[in-house]
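With mmCIF, C-alpha atoms and all ligand atoms inside, this is model_39.cif:
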```
data_coords
#
loop_
_atom_site.group_PDB
_atom_site.id
_atom_site.type_symbol
_atom_site.label_atom_id
_atom_site.label_comp_id
_atom_site.auth_asym_id
_atom_site.auth_seq_id
_atom_site.Cartn_x
_atom_site.Cartn_y
_atom_site.Cartn_z
ATOM 1 C CA MET H 1 -32.837 38.103 58.873
ATOM 2 C CA ASN H 2 -31.637 37.324 55.357
ATOM 3 C CA ILE H 3 -33.132 38.540 52.097
ATOM 4 C CA TYR H 4 -35.002 35.285 51.567
ATOM 5 C CA ASN H 5 -36.882 35.687 54.847
ATOM 6 C CA VAL H 6 -37.763 39.271 54.045
ATOM 7 C CA HIS H 7 -39.320 38.103 50.791
ATOM 8 C CA LEU H 8 -41.234 35.413 52.615
ATOM 9 C CA ILE H 9 -42.762 37.853 55.019
ATOM 10 C CA ARG H 10 -43.739 40.181 52.221
ATOM 11 C CA ASN H 11 -45.429 37.341 50.372
ATOM 12 C CA VAL H 12 -47.333 36.286 53.459
ATOM 13 C CA GLN H 13 -48.724 39.779 53.733
ATOM 14 C CA ILE H 14 -49.749 39.857 50.089
ATOM 15 C CA ILE H 15 -51.512 36.540 50.161
ATOM 16 C CA THR H 16 -53.090 36.600 53.574
ATOM 17 C CA ASN H 17 -56.470 37.170 52.016
ATOM 18 C CA ILE H 18 -56.761 34.033 49.903
ATOM 19 C CA LYS H 19 -59.744 31.985 50.856
ATOM 20 C CA MET H 20 -58.567 28.452 51.251
ATOM 21 C CA ILE H 21 -59.849 25.354 52.889
ATOM 22 C CA ILE H 22 -57.607 22.397 53.527
ATOM 23 C CA LYS H 23 -59.814 19.340 53.607
ATOM 24 C CA PRO H 24 -59.036 15.816 54.696
ATOM 25 C CA HIS H 25 -60.065 13.128 52.222
ATOM 26 C CA LEU H 26 -63.756 12.553 52.438
ATOM 27 C CA ASN H 27 -63.811 8.959 51.263
ATOM 28 C CA THR H 28 -61.622 6.127 50.043
ATOM 29 C CA GLU H 29 -63.173 6.261 46.560
ATOM 30 C CA GLN H 30 -61.925 9.803 46.137
ATOM 31 C CA LEU H 31 -58.567 8.864 47.607
ATOM 32 C CA LYS H 32 -58.181 6.071 45.028
ATOM 33 C CA LYS H 33 -58.926 8.527 42.229
ATOM 34 C CA ASP H 34 -56.432 10.982 43.657
ATOM 35 C CA PHE H 35 -53.698 8.346 43.705
ATOM 36 C CA PHE H 36 -54.534 7.353 40.133
ATOM 37 C CA TRP H 37 -54.343 10.882 38.778
ATOM 38 C CA MET H 38 -51.247 11.719 40.779
ATOM 39 C CA GLU H 39 -49.513 8.778 39.127
ATOM 40 C CA LYS H 40 -50.397 10.292 35.772
ATOM 41 C CA SER H 41 -48.952 13.599 36.934
ATOM 42 C CA ILE H 42 -45.750 11.815 37.945
ATOM 43 C CA ASN H 43 -45.493 10.393 34.430
ATOM 44 C CA PHE H 44 -45.674 13.921 33.043
ATOM 45 C CA ALA H 45 -43.046 15.050 35.554
ATOM 46 C CA LYS H 46 -40.771 12.379 34.061
ATOM 47 C CA ARG H 47 -41.304 13.888 30.626
ATOM 48 C CA ALA H 48 -40.027 17.199 31.979
ATOM 49 C CA GLU H 49 -36.948 15.445 33.299
ATOM 50 C CA LEU H 50 -36.259 13.899 29.898
ATOM 51 C CA ILE H 51 -35.886 17.369 28.388
ATOM 52 C CA GLY H 52 -33.742 18.648 31.267
ATOM 53 C CA GLU H 53 -36.504 20.540 33.069
ATOM 54 C CA VAL H 54 -37.244 20.385 36.783
ATOM 55 C CA PRO H 55 -39.513 17.325 36.964
ATOM 56 C CA ILE H 56 -42.942 18.615 37.889
ATOM 57 C CA GLY H 57 -46.101 17.379 36.194
ATOM 58 C CA SER H 58 -49.750 18.259 36.321
ATOM 59 C CA VAL H 59 -53.096 17.054 34.992
ATOM 60 C CA LEU H 60 -56.564 18.567 34.962
ATOM 61 C CA VAL H 61 -59.431 16.196 35.569
ATOM 62 C CA TYR H 62 -63.055 16.931 34.778
ATOM 63 C CA ARG H 63 -65.757 14.402 35.593
ATOM 64 C CA ASP H 64 -63.205 11.581 35.905
ATOM 65 C CA ASN H 65 -61.559 12.394 32.581
ATOM 66 C CA MET H 66 -58.198 13.983 31.968
ATOM 67 C CA VAL H 67 -58.829 17.108 29.905
ATOM 68 C CA ALA H 68 -55.356 18.635 30.001
ATOM 69 C CA SER H 69 -51.823 17.982 31.110
ATOM 70 C CA GLY H 70 -48.603 19.888 31.489
ATOM 71 C CA TRP H 71 -45.034 19.627 32.633
ATOM 72 C CA ASN H 72 -42.312 22.140 33.229
ATOM 73 C CA GLU H 73 -41.144 23.691 29.972
ATOM 74 C CA ALA H 74 -39.716 26.997 31.135
ATOM 75 C CA ILE H 75 -36.187 26.357 29.865
ATOM 76 C CA SER H 76 -37.086 24.640 26.597
ATOM 77 C CA GLN H 77 -39.772 27.204 25.737
ATOM 78 C CA LYS H 78 -37.715 30.136 27.033
ATOM 79 C CA ASP H 79 -40.775 31.098 29.016
ATOM 80 C CA PRO H 80 -40.429 31.730 32.758
ATOM 81 C CA SER H 81 -44.167 31.205 33.203
ATOM 82 C CA ALA H 82 -44.201 27.743 31.601
ATOM 83 C CA HIS H 83 -44.576 25.827 34.846
ATOM 84 C CA ALA H 84 -46.468 22.523 34.729
ATOM 85 C CA GLU H 85 -49.588 24.082 36.276
ATOM 86 C CA ILE H 86 -49.674 27.041 33.886
ATOM 87 C CA VAL H 87 -49.153 24.768 30.888
ATOM 88 C CA SER H 88 -52.009 22.502 31.971
ATOM 89 C CA ILE H 89 -54.264 25.516 32.647
ATOM 90 C CA ARG H 90 -53.527 26.857 29.149
ATOM 91 C CA ASN H 91 -54.322 23.456 27.649
ATOM 92 C CA GLY H 92 -57.458 23.211 29.797
ATOM 93 C CA ALA H 93 -58.633 26.654 28.662
ATOM 94 C CA LYS H 94 -58.207 25.523 25.052
ATOM 95 C CA TYR H 95 -60.176 22.356 25.800
ATOM 96 C CA PHE H 96 -63.087 24.278 27.324
ATOM 97 C CA GLU H 97 -62.645 27.197 24.900
ATOM 98 C CA ASN H 98 -62.929 29.483 27.847
ATOM 99 C CA TYR H 99 -60.502 31.463 29.986
ATOM 100 C CA ARG H 100 -62.312 30.142 33.036
ATOM 101 C CA LEU H 101 -62.326 26.416 33.544
ATOM 102 C CA LYS H 102 -65.317 24.503 34.862
ATOM 103 C CA GLU H 103 -65.783 24.713 38.601
ATOM 104 C CA ASP H 104 -65.532 20.983 39.150
ATOM 105 C CA VAL H 105 -62.144 20.666 37.525
ATOM 106 C CA THR H 106 -59.475 19.239 39.798
ATOM 107 C CA MET H 107 -55.837 20.064 39.300
ATOM 108 C CA TYR H 108 -53.278 17.451 40.234
ATOM 109 C CA VAL H 109 -49.689 18.551 40.553
ATOM 110 C CA THR H 110 -46.688 16.683 41.872
ATOM 111 C CA VAL H 111 -45.419 19.547 44.032
ATOM 112 C CA PHE H 112 -47.175 22.336 45.878
ATOM 113 C CA PRO H 113 -47.533 25.247 43.405
ATOM 114 C CA CYS H 114 -45.525 28.451 43.501
ATOM 115 C CA ILE H 115 -47.156 31.847 44.016
ATOM 116 C CA MET H 116 -47.539 32.485 40.275
ATOM 117 C CA CYS H 117 -49.304 29.182 39.735
ATOM 118 C CA ILE H 118 -51.555 29.569 42.760
ATOM 119 C CA GLY H 119 -52.668 32.906 41.306
ATOM 120 C CA ALA H 120 -53.372 31.284 37.932
ATOM 121 C CA ILE H 121 -55.304 28.463 39.613
ATOM 122 C CA PHE H 122 -57.578 31.000 41.268
ATOM 123 C CA HIS H 123 -58.019 32.996 38.092
ATOM 124 C CA ALA H 124 -58.879 29.820 36.167
ATOM 125 C CA ARG H 125 -61.588 29.133 38.763
ATOM 126 C CA ILE H 126 -60.235 25.696 39.563
ATOM 127 C CA ARG H 127 -62.068 24.530 42.614
ATOM 128 C CA ARG H 128 -59.939 21.669 43.873
ATOM 129 C CA LEU H 129 -56.170 21.276 44.032
ATOM 130 C CA VAL H 130 -54.421 18.015 44.884
ATOM 131 C CA TYR H 131 -50.663 18.075 45.271
ATOM 132 C CA GLY H 132 -47.990 15.485 46.007
ATOM 133 C CA ALA H 133 -44.910 16.781 47.763
ATOM 134 C CA GLU H 134 -44.608 19.843 49.935
ATOM 135 C CA ASN H 135 -42.078 22.404 48.849
ATOM 136 C CA TYR H 136 -40.902 24.312 51.837
ATOM 137 C CA LYS H 137 -38.366 26.247 49.793
ATOM 138 C CA ASN H 138 -41.328 27.663 47.947
ATOM 139 C CA SER H 139 -42.735 30.503 49.994
ATOM 140 C CA SER H 140 -46.345 29.810 49.007
ATOM 141 C CA SER H 141 -46.263 26.625 51.126
ATOM 142 C CA ILE H 142 -45.342 28.708 54.106
ATOM 143 C CA PHE H 143 -48.024 31.314 53.762
ATOM 144 C CA PHE H 144 -50.612 28.600 53.253
ATOM 145 C CA GLU H 145 -49.443 27.081 56.512
ATOM 146 C CA ASN H 146 -50.148 30.441 58.103
ATOM 147 C CA LEU H 147 -53.602 30.536 56.569
ATOM 148 C CA LYS H 148 -54.909 27.242 57.864
ATOM 149 C CA GLY H 149 -58.347 27.678 59.294
ATOM 150 C CA LYS H 150 -58.769 31.282 58.144
ATOM 151 C CA ASN H 151 -61.332 32.522 55.674
ATOM 152 C CA ASN H 152 -60.223 35.486 53.655
ATOM 153 C CA ASN H 153 -61.348 37.376 50.633
ATOM 154 C CA MET H 154 -58.612 38.512 48.261
ATOM 155 C CA PHE H 155 -60.078 36.709 45.250
ATOM 156 C CA GLY H 156 -63.663 37.656 45.906
ATOM 157 C CA ARG H 157 -65.978 34.728 46.305
ATOM 158 C CA ASN H 158 -63.606 32.185 44.742
ATOM 159 C CA ARG H 159 -62.392 29.418 46.933
ATOM 160 C CA ILE H 160 -60.259 26.377 46.526
ATOM 161 C CA ASP H 161 -60.136 23.080 48.351
ATOM 162 C CA ILE H 162 -56.652 21.715 48.772
ATOM 163 C CA CYS H 163 -55.543 18.150 49.516
ATOM 164 C CA GLY H 164 -51.866 17.349 49.854
ATOM 165 C CA GLY H 165 -49.440 14.537 50.388
ATOM 166 C CA ILE H 166 -50.728 12.174 47.662
ATOM 167 C CA LEU H 167 -47.777 9.918 46.658
ATOM 168 C CA SER H 168 -45.587 12.558 48.250
ATOM 169 C CA ASP H 169 -42.573 10.233 48.610
ATOM 170 C CA ASN H 170 -42.607 9.396 44.896
ATOM 171 C CA CYS H 171 -43.134 13.033 43.940
ATOM 172 C CA SER H 172 -40.278 14.304 46.056
ATOM 173 C CA ALA H 173 -37.958 11.396 45.131
ATOM 174 C CA ILE H 174 -38.103 12.420 41.464
ATOM 175 C CA LEU H 175 -37.094 15.945 42.365
ATOM 176 C CA LYS H 176 -34.357 14.888 44.761
ATOM 177 C CA ASN H 177 -32.834 12.513 42.210
ATOM 178 C CA PHE H 178 -32.975 15.183 39.544
ATOM 179 C CA PHE H 179 -31.107 17.728 41.658
ATOM 180 C CA LYS H 180 -28.664 15.082 42.862
ATOM 181 C CA LYS H 181 -27.783 14.172 39.271
ATOM 182 C CA ARG H 182 -27.494 17.823 38.347
ATOM 183 C CA ARG H 183 -25.102 18.492 41.242
ATOM 184 C CA LYS H 184 -23.016 15.506 40.184
ATOM 185 C CA VAL H 185 -22.758 16.835 36.643
ATOM 186 C CA SER H 186 -21.807 20.317 37.785
ATOM 187 C CA ASN H 187 -19.182 18.852 40.170
ATOM 188 C CA LEU H 188 -17.713 16.836 37.309
ATOM 189 C CA LYS H 189 -17.548 19.959 35.185
ATOM 190 C CA THR H 190 -15.765 21.786 38.018
ATOM 191 C CA VAL H 191 -13.230 18.954 38.298
ATOM 192 C CA ASP H 192 -12.731 19.016 34.521
ATOM 193 C CA THR H 193 -11.902 22.688 34.489
ATOM 194 C CA VAL H 194 -9.518 22.584 37.500
HETATM 195 ZN ZN ZN H 201 -45.370 27.594 39.447
#
```
I need this file expressed as structure tokens, please.
Ligand SMILES: [Zn+2]
Amino acid sequence: MNIYNVHLIRNVQIITNIKMIIKPHLNTEQLKKDFFWMEKSINFAKRAELIGEVPIGSVLVYRDNMVASGWNEAISQKDPSAHAEIVSIRNGAKYFENYRLKEDVTMYVTVFPCIMCIGAIFHARIRRLVYGAENYKNSSSIFFENLKGKNNNMFGRNRIDICGGILSDNCSAILKNFFKKRRKVSNLKTVDTV
């Protein structure tokens, strides 16, 4: 067992109490909205790419209106917590002038959130999360897999409904292309220095 797996198991134990319900889409109207807002999130992911950040984007939607957006800014802001989800939560909190967002806010994000962002989503009281691509390198995906169908209680009475796979091919293609380009650049640099 390598170090990575050890970390995964530890994370699973920490998070096993999150109360989470994975729901299928209830109706085509909602599905249409989810596609629409995920496209917006993809546009914000592209903004991240333009400034050399890992292309992940997020929007917060309240009563069919976008109230906040965010994209990865960790490198440019020199802030390890400046993930797209955290940035959009901060902007959403400013919009509502409250550290807790409204319960019927939906977060859209192009990739399944990391552990830090999942924690922030719960603390912000966001009730619904819609994501694009899975991220199996991100351990939070794995512990959520383990949680399917279980009701737990780590965050008290808070709960979150999660829908995934919206425009997942587009969302993951942006990431794959980004890392492909980055590898190419680093290979070129290696050749230059040889
Ligand atoms: Zn994150």
Write out as number ranges by chain each polymer residue (protein, DNA or RNA) that has an atom no more than 8 Å from ligand ZN 201 (chain H), with all atoms listed in the file counted.
H: 81-86, 113-118
Practice prompt. Fewer than 6 positions away in the same chain doesn't count, so skip those; otherwise give me all residues within 6 Å of Tyr108 (chain H), counting only C-alpha atoms, as a PyMOL selection string.
Written response: chain H and resi 58-59+130-131
Q | Picked residues, the PyMOL selection byres (((chain H and resi 89) around 12) and not hetatm), as JSON, numbers by chain | A | {"H": [58, 59, 60, 61, 67, 68, 69, 70, 71, 81, 82, 83, 84, 85, 86, 87, 88, 90, 91, 92, 93, 94, 95, 96, 97, 98, 99, 100, 101, 102, 105, 106, 107, 108, 109, 117, 118, 119, 120, 121, 122, 123, 124, 125, 126]}
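Between CA of Thr110 (chain H) and CA of Glu39 (chain H) there is a distance of 8.8 Å.
Counting all atoms listed in the file, the residue from H:Ile162, H:Ile42, H:Ala173, H:Leu129 that sits nearest to Gly57 (chain H) is H:Ile42.
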Between H:Gly52, H:Lys32, H:Phe112, H:Ala45, smallest distance to Ile75 (chain H) by only C-alpha atoms belongs to H:Gly52
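The residues returned by the PyMOL selection byres (((chain H and resi 46) around 8) and not hetatm) for this structure are Ile42, Asn43, Phe44, Ala45, Arg47, Ala48, Glu49, Leu50, Pro55, Ile56, Gly57 and Ile174 of chain H.
Our summary of the geometry notes that CA of Leu188 (chain H) is positioned 27.5 Å from CA of Asn135 (chain H).
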Closest of H:Pro80, H:Ser186, H:Val54, H:Arg159 to Cys171 (chain H), counting all atoms listed in the file, is H:Val54
Judged by all atoms listed in the file, the minimum distance to Met66 (chain H) among H:Lys33, H:Ile166, H:Glu134, H:Asp161 is found for H:Lys33
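The gap separating CA of Gln77 (chain H) from CA of Lys181 (chain H) is 22.3 Å, in Å to one decimal.
Among the candidate residues H:Glu53, H:Asp34, H:Glu29, H:Glu73, the one lying nearest to Gly165 (chain H) is H:Asp34, with distances computed using only C-alpha atoms.
Using all atoms listed in the file, the smallest distance between any of H:Tyr62, H:Asp79, H:Asn27, H:Phe36 and Gly132 (chain H) comes from H:Phe36.
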